[in-house]
Structure formats: C-alpha cells, structure tokens
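Below is target06.csv, which holds CSV, C-alpha atoms and all ligand atoms.
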```csv
chain,number,residue,atom,x,y,z
A,7,MET,CA,20.3,9.1,37.4
A,8,LYS,CA,21.3,5.5,38.0
A,9,ILE,CA,18.1,4.4,36.3
A,10,PRO,CA,16.7,6.9,33.8
A,11,VAL,CA,13.1,6.7,32.7
A,12,TYR,CA,14.3,6.3,29.1
A,13,GLN,CA,17.3,6.0,26.9
A,14,PRO,CA,17.5,4.9,23.3
A,15,SER,CA,19.4,1.7,22.4
A,16,PHE,CA,21.6,1.7,19.3
A,17,ASP,CA,22.7,-2.0,19.3
A,18,GLY,CA,22.2,-2.5,15.5
A,19,ARG,CA,23.5,-0.8,12.4
A,20,GLU,CA,22.6,2.8,13.5
A,21,ARG,CA,26.2,4.0,13.6
A,22,GLU,CA,27.1,2.3,10.4
A,23,TYR,CA,24.1,3.7,8.4
A,24,LEU,CA,24.6,7.2,10.0
A,25,LEU,CA,28.2,7.3,8.9
A,26,GLU,CA,27.3,6.0,5.4
A,27,ALA,CA,24.7,8.8,5.1
A,28,PHE,CA,27.2,11.4,6.4
A,29,ASP,CA,30.1,10.2,4.1
A,30,SER,CA,27.8,10.3,1.1
A,31,GLY,CA,27.5,14.1,1.6
A,32,TRP,CA,23.7,13.9,1.5
A,33,ILE,CA,23.0,15.3,4.9
A,34,SER,CA,19.8,17.2,4.2
A,35,SER,CA,16.5,15.8,3.1
A,36,ARG,CA,17.6,14.1,-0.1
A,37,GLY,CA,19.5,10.9,-0.1
A,38,ARG,CA,18.8,7.2,-0.3
A,39,PHE,CA,18.0,6.5,3.3
A,40,ILE,CA,14.8,8.6,3.2
A,41,GLU,CA,13.1,6.4,0.7
A,42,ARG,CA,14.5,3.2,2.2
A,43,PHE,CA,13.2,4.2,5.7
A,44,GLU,CA,9.8,5.3,4.3
A,45,ARG,CA,9.4,2.0,2.5
A,46,ALA,CA,10.6,-0.2,5.4
A,47,PHE,CA,8.3,1.7,7.8
A,48,ALA,CA,5.3,1.3,5.5
A,49,SER,CA,6.0,-2.4,5.1
A,50,TYR,CA,6.4,-2.9,8.9
A,51,VAL,CA,3.1,-1.3,9.8
A,52,GLY,CA,1.3,-2.8,6.8
A,53,ALA,CA,0.6,0.4,4.9
A,54,GLU,CA,1.1,1.0,1.2
A,55,ARG,CA,3.2,4.2,1.6
A,56,ALA,CA,4.5,6.5,4.2
A,57,ILE,CA,6.0,10.0,4.2
A,58,SER,CA,8.7,11.0,6.6
A,59,VAL,CA,8.6,14.4,8.4
A,60,ALA,CA,10.7,16.4,10.8
A,61,ASN,CA,8.8,15.4,14.0
A,62,GLY,CA,5.6,14.1,15.3
A,63,THR,CA,4.2,17.6,15.9
A,64,VAL,CA,4.5,18.7,12.3
A,65,ALA,CA,3.1,15.3,11.3
A,66,LEU,CA,-0.1,16.3,13.2
A,67,HIS,CA,0.0,19.7,11.6
A,68,LEU,CA,0.2,18.2,8.2
A,69,ALA,CA,-2.7,15.9,9.0
A,70,MET,CA,-4.8,19.0,9.8
A,71,LEU,CA,-3.7,20.8,6.6
A,72,GLY,CA,-4.2,17.7,4.5
A,73,LEU,CA,-7.8,17.2,5.8
A,74,GLY,CA,-8.5,20.9,5.2
A,75,LEU,CA,-9.5,21.5,8.8
A,76,GLY,CA,-9.7,25.1,9.9
A,77,PRO,CA,-11.7,27.8,11.7
A,78,GLY,CA,-15.2,26.6,12.7
A,79,ASP,CA,-14.3,22.9,12.5
A,80,GLU,CA,-14.5,20.9,15.7
A,81,VAL,CA,-12.2,18.0,16.3
A,82,ILE,CA,-12.8,15.5,19.1
A,83,VAL,CA,-9.7,14.7,21.1
A,84,PRO,CA,-9.0,13.1,24.5
A,85,THR,CA,-8.0,15.6,27.1
A,86,PHE,CA,-5.6,13.0,28.5
A,87,THR,CA,-2.9,13.2,25.9
A,88,TYR,CA,0.3,15.0,25.1
A,89,VAL,CA,-0.2,18.7,24.3
A,90,ALA,CA,0.9,18.4,20.7
A,91,SER,CA,-2.4,16.5,19.8
A,92,ALA,CA,-4.5,19.6,20.5
A,93,ASN,CA,-1.9,22.2,19.5
A,94,ALA,CA,-2.1,20.9,16.0
A,95,MET,CA,-5.8,22.0,15.9
A,96,ALA,CA,-4.8,25.4,17.2
A,97,PHE,CA,-2.2,25.7,14.4
A,98,VAL,CA,-5.0,25.7,11.8
A,99,GLY,CA,-7.6,27.5,13.9
A,100,ALA,CA,-9.8,24.4,14.4
A,101,THR,CA,-11.5,23.8,17.8
A,102,PRO,CA,-10.5,20.9,20.0
A,103,VAL,CA,-13.5,19.3,21.8
A,104,PHE,CA,-12.2,17.4,24.8
A,105,VAL,CA,-13.5,14.0,25.9
A,106,ASP,CA,-12.7,11.7,28.8
A,107,CYS,CA,-10.8,8.4,28.6
A,108,GLU,CA,-11.8,4.9,29.8
A,109,PRO,CA,-10.6,4.0,33.3
A,110,ALA,CA,-8.7,0.8,32.5
A,111,SER,CA,-7.1,1.3,29.1
A,112,TRP,CA,-6.7,5.1,29.5
A,113,GLN,CA,-7.9,5.5,25.9
A,114,LEU,CA,-10.6,7.8,24.6
A,115,ASP,CA,-14.1,6.6,25.4
A,116,PRO,CA,-16.2,5.9,22.3
A,117,ASP,CA,-19.5,6.7,24.2
A,118,GLN,CA,-18.1,10.1,25.0
A,119,VAL,CA,-17.0,10.6,21.4
A,120,GLU,CA,-20.5,9.9,20.2
A,121,ALA,CA,-22.0,12.3,22.8
A,122,ALA,CA,-19.6,15.1,21.7
A,123,VAL,CA,-20.5,15.1,18.0
A,124,THR,CA,-22.2,18.3,16.8
A,125,HIS,CA,-23.1,19.6,13.4
A,126,ARG,CA,-19.6,21.3,13.4
A,127,THR,CA,-17.7,18.1,14.1
A,128,ARG,CA,-15.4,17.2,11.2
A,129,ALA,CA,-12.9,14.8,12.7
A,130,ILE,CA,-12.0,12.5,15.6
A,131,MET,CA,-8.4,12.5,16.8
A,132,VAL,CA,-7.6,9.1,18.4
A,133,VAL,CA,-4.4,9.0,20.5
A,134,HIS,CA,-3.0,5.5,21.3
A,135,LEU,CA,-1.7,6.7,24.6
A,136,TYR,CA,1.5,5.1,26.1
A,137,GLY,CA,1.3,2.5,23.4
A,138,HIS,CA,-2.2,1.0,24.1
A,139,PRO,CA,-4.5,1.0,21.1
A,140,ALA,CA,-7.8,2.8,21.3
A,141,ASP,CA,-11.0,1.0,20.5
A,142,MET,CA,-10.6,1.3,16.7
A,143,GLY,CA,-13.7,-0.9,16.0
A,144,ARG,CA,-16.1,1.4,17.7
A,145,ILE,CA,-14.4,4.6,16.8
A,146,MET,CA,-14.3,3.7,13.0
A,147,GLU,CA,-18.0,2.7,13.2
A,148,ILE,CA,-19.0,6.0,14.8
A,149,ALA,CA,-16.8,7.9,12.3
A,150,ARG,CA,-18.4,6.2,9.3
A,151,ARG,CA,-21.9,6.6,10.5
A,152,ARG,CA,-21.4,10.3,11.3
A,153,ASN,CA,-19.2,10.9,8.2
A,154,LEU,CA,-16.2,12.1,10.2
A,155,ALA,CA,-12.5,11.9,9.4
A,156,VAL,CA,-10.3,9.9,11.8
A,157,ILE,CA,-6.7,11.0,12.6
A,158,GLU,CA,-4.7,8.6,14.6
A,159,ASP,CA,-1.9,10.1,16.7
A,160,ALA,CA,0.2,7.0,17.0
A,161,ALA,CA,3.3,8.9,18.2
A,162,GLU,CA,3.5,6.6,21.2
A,163,ALA,CA,2.2,3.5,19.6
A,164,PHE,CA,4.7,2.1,17.1
A,165,GLY,CA,4.4,-1.7,17.5
A,166,ALA,CA,0.8,-1.5,18.9
A,167,ARG,CA,-1.9,-3.7,17.3
A,168,TRP,CA,-5.6,-3.8,17.5
A,169,ASN,CA,-6.9,-7.3,16.5
A,170,GLY,CA,-3.5,-8.0,14.9
A,171,ARG,CA,-3.5,-4.9,12.7
A,172,HIS,CA,-1.0,-2.2,13.3
A,173,VAL,CA,-2.4,1.1,14.7
A,174,GLY,CA,-2.2,3.9,12.2
A,175,THR,CA,-3.7,1.8,9.4
A,176,PHE,CA,-7.3,2.4,10.4
A,177,GLY,CA,-7.8,6.2,10.2
A,178,ASP,CA,-7.8,8.6,7.3
A,179,VAL,CA,-4.4,10.1,8.4
A,180,SER,CA,-2.0,8.7,11.0
A,181,THR,CA,1.1,10.1,12.5
A,182,PHE,CA,4.1,8.8,14.3
A,183,SER,CA,7.0,10.4,16.3
A,184,PHE,CA,10.6,9.3,16.5
A,185,PHE,CA,11.7,11.6,19.2
A,186,GLY,CA,14.7,10.3,21.3
A,187,ASN,CA,12.5,8.6,23.9
A,188,LYS,CA,10.0,7.1,21.5
A,189,THR,CA,9.9,3.3,20.8
A,190,ILE,CA,12.1,3.7,17.7
A,191,THR,CA,13.9,7.0,17.3
A,192,THR,CA,15.7,9.1,14.7
A,193,GLY,CA,16.5,11.9,17.2
A,194,GLU,CA,13.8,14.1,15.9
A,195,GLY,CA,11.5,12.7,13.3
A,196,GLY,CA,8.0,11.5,12.3
A,197,MET,CA,6.0,9.7,9.8
A,198,VAL,CA,2.6,10.2,8.2
A,199,LEU,CA,0.3,7.6,6.6
A,200,ALA,CA,-3.0,8.1,4.8
A,201,SER,CA,-5.6,5.7,3.6
A,202,ASP,CA,-6.1,7.7,0.4
A,203,GLY,CA,-3.1,8.0,-2.0
A,204,ASN,CA,-4.2,11.4,-3.3
A,205,LEU,CA,-4.4,12.8,0.2
A,206,LEU,CA,-0.9,11.4,0.9
A,207,ASP,CA,0.3,13.1,-2.3
A,208,GLU,CA,-1.2,16.4,-1.2
A,209,MET,CA,0.5,16.1,2.2
A,210,ALA,CA,3.8,15.2,0.5
A,211,LYS,CA,3.6,18.5,-1.4
A,212,LEU,CA,2.6,20.5,1.6
A,213,LYS,CA,5.5,19.1,3.6
A,214,SER,CA,8.0,20.4,1.0
A,215,GLN,CA,7.0,24.0,0.0
A,216,TYR,CA,4.3,22.7,-2.3
A,217,ALA,CA,6.9,22.7,-5.0
A,218,SER,CA,5.8,22.1,-8.6
A,219,PRO,CA,7.2,18.7,-9.8
A,220,THR,CA,7.6,20.1,-13.3
A,221,LYS,CA,8.5,23.7,-13.0
A,222,ARG,CA,11.5,24.7,-10.8
A,223,TYR,CA,10.7,27.3,-8.1
A,224,TRP,CA,7.0,27.4,-8.9
A,225,HIS,CA,4.5,26.9,-6.1
A,226,ASP,CA,0.7,26.7,-6.4
A,227,LYS,CA,0.0,26.9,-2.7
A,228,VAL,CA,1.5,27.9,0.6
A,229,GLY,CA,3.7,25.1,1.6
A,230,TYR,CA,6.0,24.2,4.6
A,231,ASN,CA,9.4,22.7,5.2
A,232,PHE,CA,8.5,19.7,7.4
A,233,ARG,CA,11.2,17.4,5.9
A,234,MET,CA,13.3,14.7,7.7
A,235,THR,CA,17.0,14.6,7.0
A,236,ASN,CA,18.8,11.7,5.4
A,237,LEU,CA,21.0,11.4,8.6
A,238,GLU,CA,17.8,10.8,10.7
A,239,ALA,CA,16.4,8.4,8.2
A,240,ALA,CA,19.6,6.4,8.4
A,241,ILE,CA,19.3,5.9,12.1
A,242,GLY,CA,15.6,5.2,11.7
A,243,LEU,CA,16.2,2.4,9.2
A,244,ALA,CA,18.6,0.7,11.6
A,245,GLN,CA,16.1,1.1,14.4
A,246,LEU,CA,13.4,-0.4,12.3
A,247,GLU,CA,15.5,-3.5,11.6
A,248,ARG,CA,15.4,-4.2,15.4
A,249,ALA,CA,11.8,-3.2,15.9
A,250,ASP,CA,10.6,-6.7,16.9
A,251,GLU,CA,13.4,-7.1,19.4
A,252,ILE,CA,12.8,-3.6,20.9
A,253,ILE,CA,9.0,-4.2,21.2
A,254,GLY,CA,9.5,-7.7,22.6
A,255,ARG,CA,11.8,-6.5,25.2
A,256,LYS,CA,9.4,-3.7,26.3
A,257,ARG,CA,6.5,-6.1,26.5
A,258,ALA,CA,8.7,-8.4,28.7
A,259,LEU,CA,9.6,-5.5,30.9
A,260,ALA,CA,5.9,-4.7,31.4
A,261,GLU,CA,5.2,-8.2,32.4
A,262,GLN,CA,8.0,-8.1,34.9
A,263,TYR,CA,6.5,-4.9,36.4
A,264,ARG,CA,3.0,-6.2,36.3
A,265,GLY,CA,3.7,-9.4,38.3
A,266,ARG,CA,5.8,-7.5,41.0
A,267,LEU,CA,3.4,-4.5,41.3
A,268,SER,CA,0.2,-6.6,41.5
A,269,LYS,CA,1.7,-8.1,44.7
A,270,LEU,CA,1.8,-4.6,46.1
A,271,GLY,CA,-1.8,-3.9,45.0
A,272,ILE,CA,-0.6,-1.5,42.2
A,273,GLU,CA,-2.1,-1.7,38.7
A,274,ILE,CA,-0.3,-0.8,35.5
A,275,GLN,CA,-2.3,0.5,32.5
A,276,GLY,CA,-4.5,-2.4,31.5
A,277,GLU,CA,-4.2,-4.3,28.3
A,278,ARG,CA,-7.6,-5.0,26.6
A,279,PRO,CA,-8.3,-8.4,25.1
A,280,GLY,CA,-7.3,-8.6,21.5
A,281,VAL,CA,-4.8,-5.8,21.5
A,282,THR,CA,-1.0,-5.7,21.5
A,283,HIS,CA,0.2,-2.9,23.9
A,284,SER,CA,3.6,-1.8,22.8
A,285,TYR,CA,4.3,-0.2,26.2
A,286,TRP,CA,6.1,2.9,25.1
A,287,MET,CA,5.9,3.6,28.8
A,288,VAL,CA,5.0,1.2,31.5
A,289,SER,CA,2.6,3.4,33.6
A,290,ALA,CA,1.4,2.6,37.1
A,291,LEU,CA,-1.7,3.9,38.8
A,292,LEU,CA,-0.8,4.6,42.4
A,293,PRO,CA,-3.5,3.9,45.1
A,294,GLU,CA,-5.9,6.7,45.9
A,295,GLY,CA,-4.4,8.9,48.7
A,296,VAL,CA,-0.8,8.3,47.8
A,297,ASP,CA,1.0,11.6,47.0
A,298,ARG,CA,2.4,10.8,43.5
A,299,ASP,CA,4.7,13.8,43.3
A,300,ARG,CA,6.3,12.9,46.6
A,301,VAL,CA,6.9,9.4,45.3
A,302,VAL,CA,8.7,10.9,42.3
A,303,LEU,CA,11.0,12.9,44.6
A,304,ASP,CA,11.7,9.9,46.8
A,305,LEU,CA,12.6,7.7,43.9
A,306,GLU,CA,14.8,10.5,42.5
A,307,ALA,CA,16.7,10.6,45.8
A,308,VAL,CA,17.8,7.0,45.2
A,309,GLY,CA,18.7,7.6,41.6
A,310,ILE,CA,15.6,6.3,39.9
A,311,GLU,CA,13.9,8.6,37.4
A,312,THR,CA,10.1,8.4,37.0
A,313,ARG,CA,7.6,10.9,35.5
A,314,PRO,CA,4.1,12.0,36.2
A,315,VAL,CA,1.8,11.1,33.4
A,316,PHE,CA,0.4,14.0,31.3
A,317,TYR,CA,-1.8,16.7,32.7
A,318,PRO,CA,-5.2,16.8,31.1
A,319,ILE,CA,-4.8,19.5,28.5
A,320,HIS,CA,-8.3,21.1,29.0
A,321,THR,CA,-6.7,22.6,32.2
A,322,MET,CA,-3.9,24.4,30.3
A,323,PRO,CA,-4.2,28.2,29.8
A,324,MET,CA,-4.5,28.2,26.0
A,325,PHE,CA,-7.4,25.6,26.1
A,326,ALA,CA,-9.1,26.2,29.5
A,327,SER,CA,-11.6,28.7,28.1
A,328,LEU,CA,-12.9,26.5,25.4
A,329,PRO,CA,-16.6,25.4,25.9
A,330,SER,CA,-15.7,21.7,26.2
A,331,ALA,CA,-13.0,22.5,28.8
A,332,GLY,CA,-15.8,23.2,31.3
A,333,ARG,CA,-17.1,19.6,31.2
A,334,SER,CA,-16.0,17.0,33.8
A,335,PHE,CA,-13.4,14.4,33.0
A,336,PRO,CA,-13.2,12.2,36.1
A,337,ASN,CA,-11.1,9.4,34.7
A,338,SER,CA,-8.5,11.7,33.1
A,339,VAL,CA,-8.3,13.7,36.3
A,340,ARG,CA,-7.9,10.6,38.5
A,341,ILE,CA,-5.3,9.0,36.3
A,342,ALA,CA,-3.4,12.3,35.8
A,343,ARG,CA,-3.2,12.7,39.6
A,344,SER,CA,-2.0,9.2,40.4
A,345,GLY,CA,-0.3,8.0,37.2
A,346,LEU,CA,3.4,7.4,37.1
A,347,ASN,CA,5.6,6.5,34.2
A,348,LEU,CA,8.2,3.9,35.3
A,349,PRO,CA,11.7,3.4,33.7
A,350,SER,CA,10.8,1.7,30.4
A,351,TRP,CA,13.8,1.5,28.1
A,352,PRO,CA,14.4,-1.7,26.4
A,353,GLY,CA,17.8,-2.3,27.9
A,354,LEU,CA,16.6,-2.2,31.5
A,355,SER,CA,17.5,-5.5,33.3
A,356,GLU,CA,15.2,-7.6,35.5
A,357,ASN,CA,17.4,-6.5,38.5
A,358,GLY,CA,16.7,-2.9,37.5
A,359,VAL,CA,13.0,-3.7,37.6
A,360,ASP,CA,13.4,-5.2,41.0
A,361,GLU,CA,15.2,-2.1,42.2
A,362,VAL,CA,12.5,0.2,40.9
A,363,VAL,CA,9.7,-1.8,42.4
A,364,SER,CA,11.3,-2.1,45.9
A,365,ALA,CA,12.1,1.7,45.9
A,366,LEU,CA,8.5,2.4,44.8
A,367,SER,CA,7.2,0.1,47.6
A,368,ALA,CA,9.4,1.9,50.2
A,369,ALA,CA,8.3,5.3,48.9
A,370,ILE,CA,4.6,4.4,49.3
A,371,GLU,CA,5.1,2.9,52.7
A,372,ALA,CA,6.8,6.0,53.9
A,373,GLN,CA,3.7,8.1,53.4
B,401,LIG,C1,5.7,12.7,21.2
B,401,LIG,C2,4.3,13.0,20.9
B,401,LIG,C3,4.0,13.9,19.9
B,401,LIG,C4,4.9,14.8,19.2
B,401,LIG,O1,6.0,14.3,18.7
B,401,LIG,P1,7.4,15.1,18.5
B,401,LIG,O2,8.2,14.2,17.6
B,401,LIG,O3,8.0,15.3,19.9
B,401,LIG,O4,7.0,16.4,17.9
B,401,LIG,C5,2.6,14.0,19.5
B,401,LIG,N1,1.7,13.3,20.2
B,401,LIG,C6,2.0,12.4,21.2
B,401,LIG,C7,0.9,11.7,21.8
B,401,LIG,C8,3.3,12.3,21.6
B,401,LIG,O5,3.6,11.4,22.6
```
Same coordinates, now as structure tokens:
Amino acid sequence: MKIPVYQPSFDGREREYLLEAFDSGWISSRGRFIERFERAFASYVGAERAISVANGTVALHLAMLGLGLGPGDEVIVPTFTYVASANAMAFVGATPVFVDCEPASWQLDPDQVEAAVTHRTRAIMVVHLYGHPADMGRIMEIARRRNLAVIEDAAEAFGARWNGRHVGTFGDVSTFSFFGNKTITTGEGGMVLASDGNLLDEMAKLKSQYASPTKRYWHDKVGYNFRMTNLEAAIGLAQLERADEIIGRKRALAEQYRGRLSKLGIEIQGERPGVTHSYWMVSALLPEGVDRDRVVLDLEAVGIETRPVFYPIHTMPMFASLPSAGRSFPNSVRIARSGLNLPSWPGLSENGVDEVVSALSAAIEAQ
C-alpha cells in the first residue's frame, strides 16, 4: 500500500531505549524501564499510579477480575465497539448488556445507559471510541446515583480529554492498549489505572500469579501472567516522551481532513464542545446510499488503505442470542454500515491527505 491506514513512528529514543533494555539482559518483565514507563504514563494522564500489562485485552480482563464481576452480573457496554470490550465480560461469565451510541460523537448514549439498568447491573463499561471521550459527566452521575462501577476502555483514547481531564481518570478502573497501531505503542502492551489504591494493588497481584510478596512460591489466589516486558516498556517510554507531538500531529491531520471532506458533504466523527478528541482514527461517515465496501476496494486499487469501522458486536455469533442483542441500535447500525477509517498515522503529509480525499471523492462519484 502506498498509503497505509496506520504505521507507528519511532522518531525519538525508541531504538536507543530498546537496545539499552536488551543490552541490560533484563528482557522479561523485570527491569528499570517497567517502572519508569508506569510512572511516566501515570504522570502524563494525571493518575497517581499505573500498572503495565501485556495488552489491552488482558487489561480489560484484569478490570473484570479486580471488580469481582462474574456470573449473574450485568455490565452495560456500547454495541459499537471493538470486540475485546465485551469479550472481557465473557472471560469472567458476566453478561454484556448492549446499548446504542449517540449519532454525532459515536459514544455510548447516557439515556440508553440509564434505561438499561436493572437490579443485576453492576457496572458500566465506557469505550472512548476512536479517541473521542464519552460523556463522562452524565455517565459518572448515573453510576453514582445507581451505585454502579465504571470501567473506561480507553484503548483508543490516549491523549483524549473531557473538560481538560484525561480520559481514564474518571472511572473505577481504566484500561489502555499499546498495540502497534494505537496512538502510542509498545508492540503489544497495555496499562491499567484505578481510582482506589487497594483495588490497583489487588490487580497488580492478579496480573502476576498472585505471588506472595513475603513468601517465595506461595500464592493465596488463582493469578495470571499478564505482564509487560522491559523491552516493550523501553519503547513505550520513548513514545511517551513524544506524546504531545504525536497527538498534535493527529489533531492537525483531522482538521485537514475535516476541511476538505466538508466541501464534499462528508462528515467526520464530530467533536463535542469541551472535549479533546485524540483522533486515534479519523473516521468519516459516508452519505447514505454510498456502498462503503466498494469505496474501500476502489481506494485499495489506487494504493490507499482504509478500513470499515467496527461491526456492532451484538450481531456476532457469541453475543447474538443475549437478551439485549434483540433490541434495536439504529445509530450503531447506520454508522457501522457507512463509517470509514481513513489513513491516520502521524507522519502522513498534507499531500497524502489531498490524495486520500481526491481518491475518496472519485470513488463516491463512480457509484
Ligand atoms: C485495541 C483495543 C482493545 C484491545 O487491545 P489489545 O492491546 O489489542 O489487546 C480493547 N478495546 C478497544 C476499544 C480497542 O480498540
């Protein structure tokens, strides 16, 4: 592909730190980069502490375990998300309850959250999809009033802020992903935050075999190995040093797309007042009637990679027979049918944006 949808940029000290970690011999999950990365990450997002994990999926699994969610517990989650959000519930036997999203921001709709609460509801999982923050004011208000835990799946939202405050610092537990195409990357990796230090301590034990801190090879509970490696943390620390630059570049890219696409009558995912969208992906909503999948193929033919947005997960086989999957989700269905992720990597030039937009325009016209 001449223009891929994503590629990481390693213009800082990534290589230097990675080699330093490698040469130190500490290539597993001990070593000084782990703690440095955790500290720097916590400080960047404005949290007291953070714990690194192997990826964003186990971060969500750890959130479920830490909050003690299990069979019989309902967790409200937007159907329009990446599958890992709801899979984490399945890992512990909890039941996802799907809700629709808002049409402009594409984030879960607080009115629907309120309507979905039952006596079995234990938690709300917020997903800041594509880097736009969900409405944390209303969601936290509902959660407090109904005595529900809040999990923020911020895998796509590093750099996103709601009223100036970084996402992931509102809920009881928050998770991030550093997969290769995420805003900052460690290859595979993730991070977990918690508002309560004891809960974070518990998750830190669960992530590492629940090993006793005082008695070698003694374990009081079933634990896991969800650890990040020192090599990954070394890359992450260098990425973090460039976080403002990466996010600034992505926001500029989104503005370039927005101006050019609005002339064609195409909207990109809207940014609500008071929020900072970190634009993990710049995502366009194609006009009704345009065959999105044909547009993807036409762009591919000229060397431009785009991607459909996520399919609503209530339609997937493992979730389709849940009671909430039978409800209607008109906004999610409409966006899923016509949404398109555009090339969104921070190094994409303005000429590259022009090229994508003119190819997109031609592909739509050809229909
Ligand atoms: C990427 C992603 C995850 C999973 O992260 P991995 O690091 O790939 O395991 C979870 N939730 C959302 C919304 C994601 O985009």
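Nearest-residue note for Glu44 in chain A: choosing from A:Leu270, A:Leu243, A:Ala129, A:Ala110, the minimum distance belongs to A:Leu243, counting only C-alpha atoms.
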List all protein, DNA and RNA residues that have at least one atom no more than 9 Å from any atom of ligand LIG 401 (chain B), counting all atoms listed in the file, and write them as a ChimeraX atom specification.
-> /A:60-66,87-92,133-136,159-163,181-188,193-196
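Take the candidates A:Pro219, A:Pro10, A:Gly229, A:Gly72 and check each one against Arg313 in chain A using all atoms listed in the file; the shortest distance goes to A:Pro10.
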Provide the CA of Ser350 in chain A to CA of Ala94 in chain A distance in Å, to one decimal place.
-> 27.2 Å
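Restricting the calculation to only C-alpha atoms, the smallest distance between Lys269 in chain A and any of A:Cys107, A:Ser364, A:Glu294, A:Glu158 is found for A:Ser364.
Checking A:Met287, A:Val81, A:Ala121, A:Leu354 one by one against Pro102 in chain A, counting only C-alpha atoms, you find the shortest gap at A:Val81.
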May I have the residues at most 8 Å from (-3.8, 6.8, 3.5) in the file's coordinates, counting only C-alpha atoms, as a ChimeraX atom specification?
-> /A:53-55,175,177-180,199-203,205-206
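Atom pair CA of Met70 in chain A / CA of Ser218 in chain A has a distance of 21.5 Å (rounded to one decimal).
Using all atoms listed in the file, the shortest contact distance between Gly143 in chain A and any of A:Gln113, A:Thr282, A:Ser58, A:Asn169 is found at A:Asn169.
Using all atoms listed in the file, the shortest contact distance between Val362 in chain A and any of A:Glu306, A:Glu208, A:Asp250, A:Glu41 is found at A:Glu306.
CA of Ala140 in chain A is positioned 18.4 Å from CA of Ile319 in chain A.
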Show me, as a PDB file with C-alpha atoms, in the coordinates of the input, the residues that have an atom within 10 Å of Asp304 in chain A when counting only C-alpha atoms, minus same-chain residues fewer than 4 positions from it.
```pdb
ATOM      1  CA  ARG A 298       2.400  10.800  43.500  1.00  0.00           C
ATOM      2  CA  ASP A 299       4.700  13.800  43.300  1.00  0.00           C
ATOM      3  CA  ARG A 300       6.300  12.900  46.600  1.00  0.00           C
ATOM      4  CA  VAL A 308      17.800   7.000  45.200  1.00  0.00           C
ATOM      5  CA  GLY A 309      18.700   7.600  41.600  1.00  0.00           C
ATOM      6  CA  ILE A 310      15.600   6.300  39.900  1.00  0.00           C
ATOM      7  CA  GLU A 311      13.900   8.600  37.400  1.00  0.00           C
ATOM      8  CA  ALA A 365      12.100   1.700  45.900  1.00  0.00           C
ATOM      9  CA  LEU A 366       8.500   2.400  44.800  1.00  0.00           C
ATOM     10  CA  ALA A 368       9.400   1.900  50.200  1.00  0.00           C
ATOM     11  CA  ALA A 369       8.300   5.300  48.900  1.00  0.00           C
ATOM     12  CA  ILE A 370       4.600   4.400  49.300  1.00  0.00           C
ATOM     13  CA  ALA A 372       6.800   6.000  53.900  1.00  0.00           C
TER      14      ALA A 372
END
```
Excluding Val98 in chain A and residues on its chain fewer than 2 positions from it, collect all residues at most 8 Å away from it, counting all atoms listed in the file, and give them as a PDB file with C-alpha atoms, in the frame of the given file.
```
ATOM      1  CA  HIS A  67       0.000  19.700  11.600  1.00  0.00           C
ATOM      2  CA  MET A  70      -4.800  19.000   9.800  1.00  0.00           C
ATOM      3  CA  LEU A  71      -3.700  20.800   6.600  1.00  0.00           C
ATOM      4  CA  LEU A  75      -9.500  21.500   8.800  1.00  0.00           C
ATOM      5  CA  GLY A  76      -9.700  25.100   9.900  1.00  0.00           C
ATOM      6  CA  PRO A  77     -11.700  27.800  11.700  1.00  0.00           C
ATOM      7  CA  ALA A  94      -2.100  20.900  16.000  1.00  0.00           C
ATOM      8  CA  MET A  95      -5.800  22.000  15.900  1.00  0.00           C
ATOM      9  CA  ALA A  96      -4.800  25.400  17.200  1.00  0.00           C
ATOM     10  CA  ALA A 100      -9.800  24.400  14.400  1.00  0.00           C
TER      11      ALA A 100
END
```
Excluding Thr321 in chain A and residues on its chain fewer than 4 positions from it, collect all residues at most 9 Å away from it, counting all atoms listed in the file, and give them as a list in words.
-> Thr85, Tyr317, Phe325, Ala326, Ser327 and Ala331 of chain A
Contacts of Gly137 in chain A at 7 Å (only C-alpha atoms; same-chain gap of 5+ positions) as a ChimeraX atom specification = /A:162-163,166,283-286
Those selected residues, please, written with C-alpha atoms and delivered as a compact mmCIF listing (two decimals), in the coordinates of the input.
```txt
# COMPACT_ATOMS: atom_id res chain seq x y z
CA GLU A 162 3.50 6.60 21.20
CA ALA A 163 2.20 3.50 19.60
CA ALA A 166 0.80 -1.50 18.90
CA HIS A 283 0.20 -2.90 23.90
CA SER A 284 3.60 -1.80 22.80
CA TYR A 285 4.30 -0.20 26.20
CA TRP A 286 6.10 2.90 25.10
```
Do you know which residues are at most 12 Å from Gly295 in chain A counting all atoms listed in the file, after dropping those on the same chain fewer than 2 positions away, and could you put them as an NGL selection string?
-> :A and (291-293 or 297-301 or 340 or 343-344 or 370-371 or 373)
Taking all listed atoms of range 8-15 of chain A, build the axis-aligned box, pad each of the six sides by 6 Å, then write its centre and edge lengths in Å to one decimal as JSON.
```
{"center_x": 17.2, "center_y": 4.3, "center_z": 30.2, "size_x": 20.2, "size_y": 17.2, "size_z": 27.6}
```
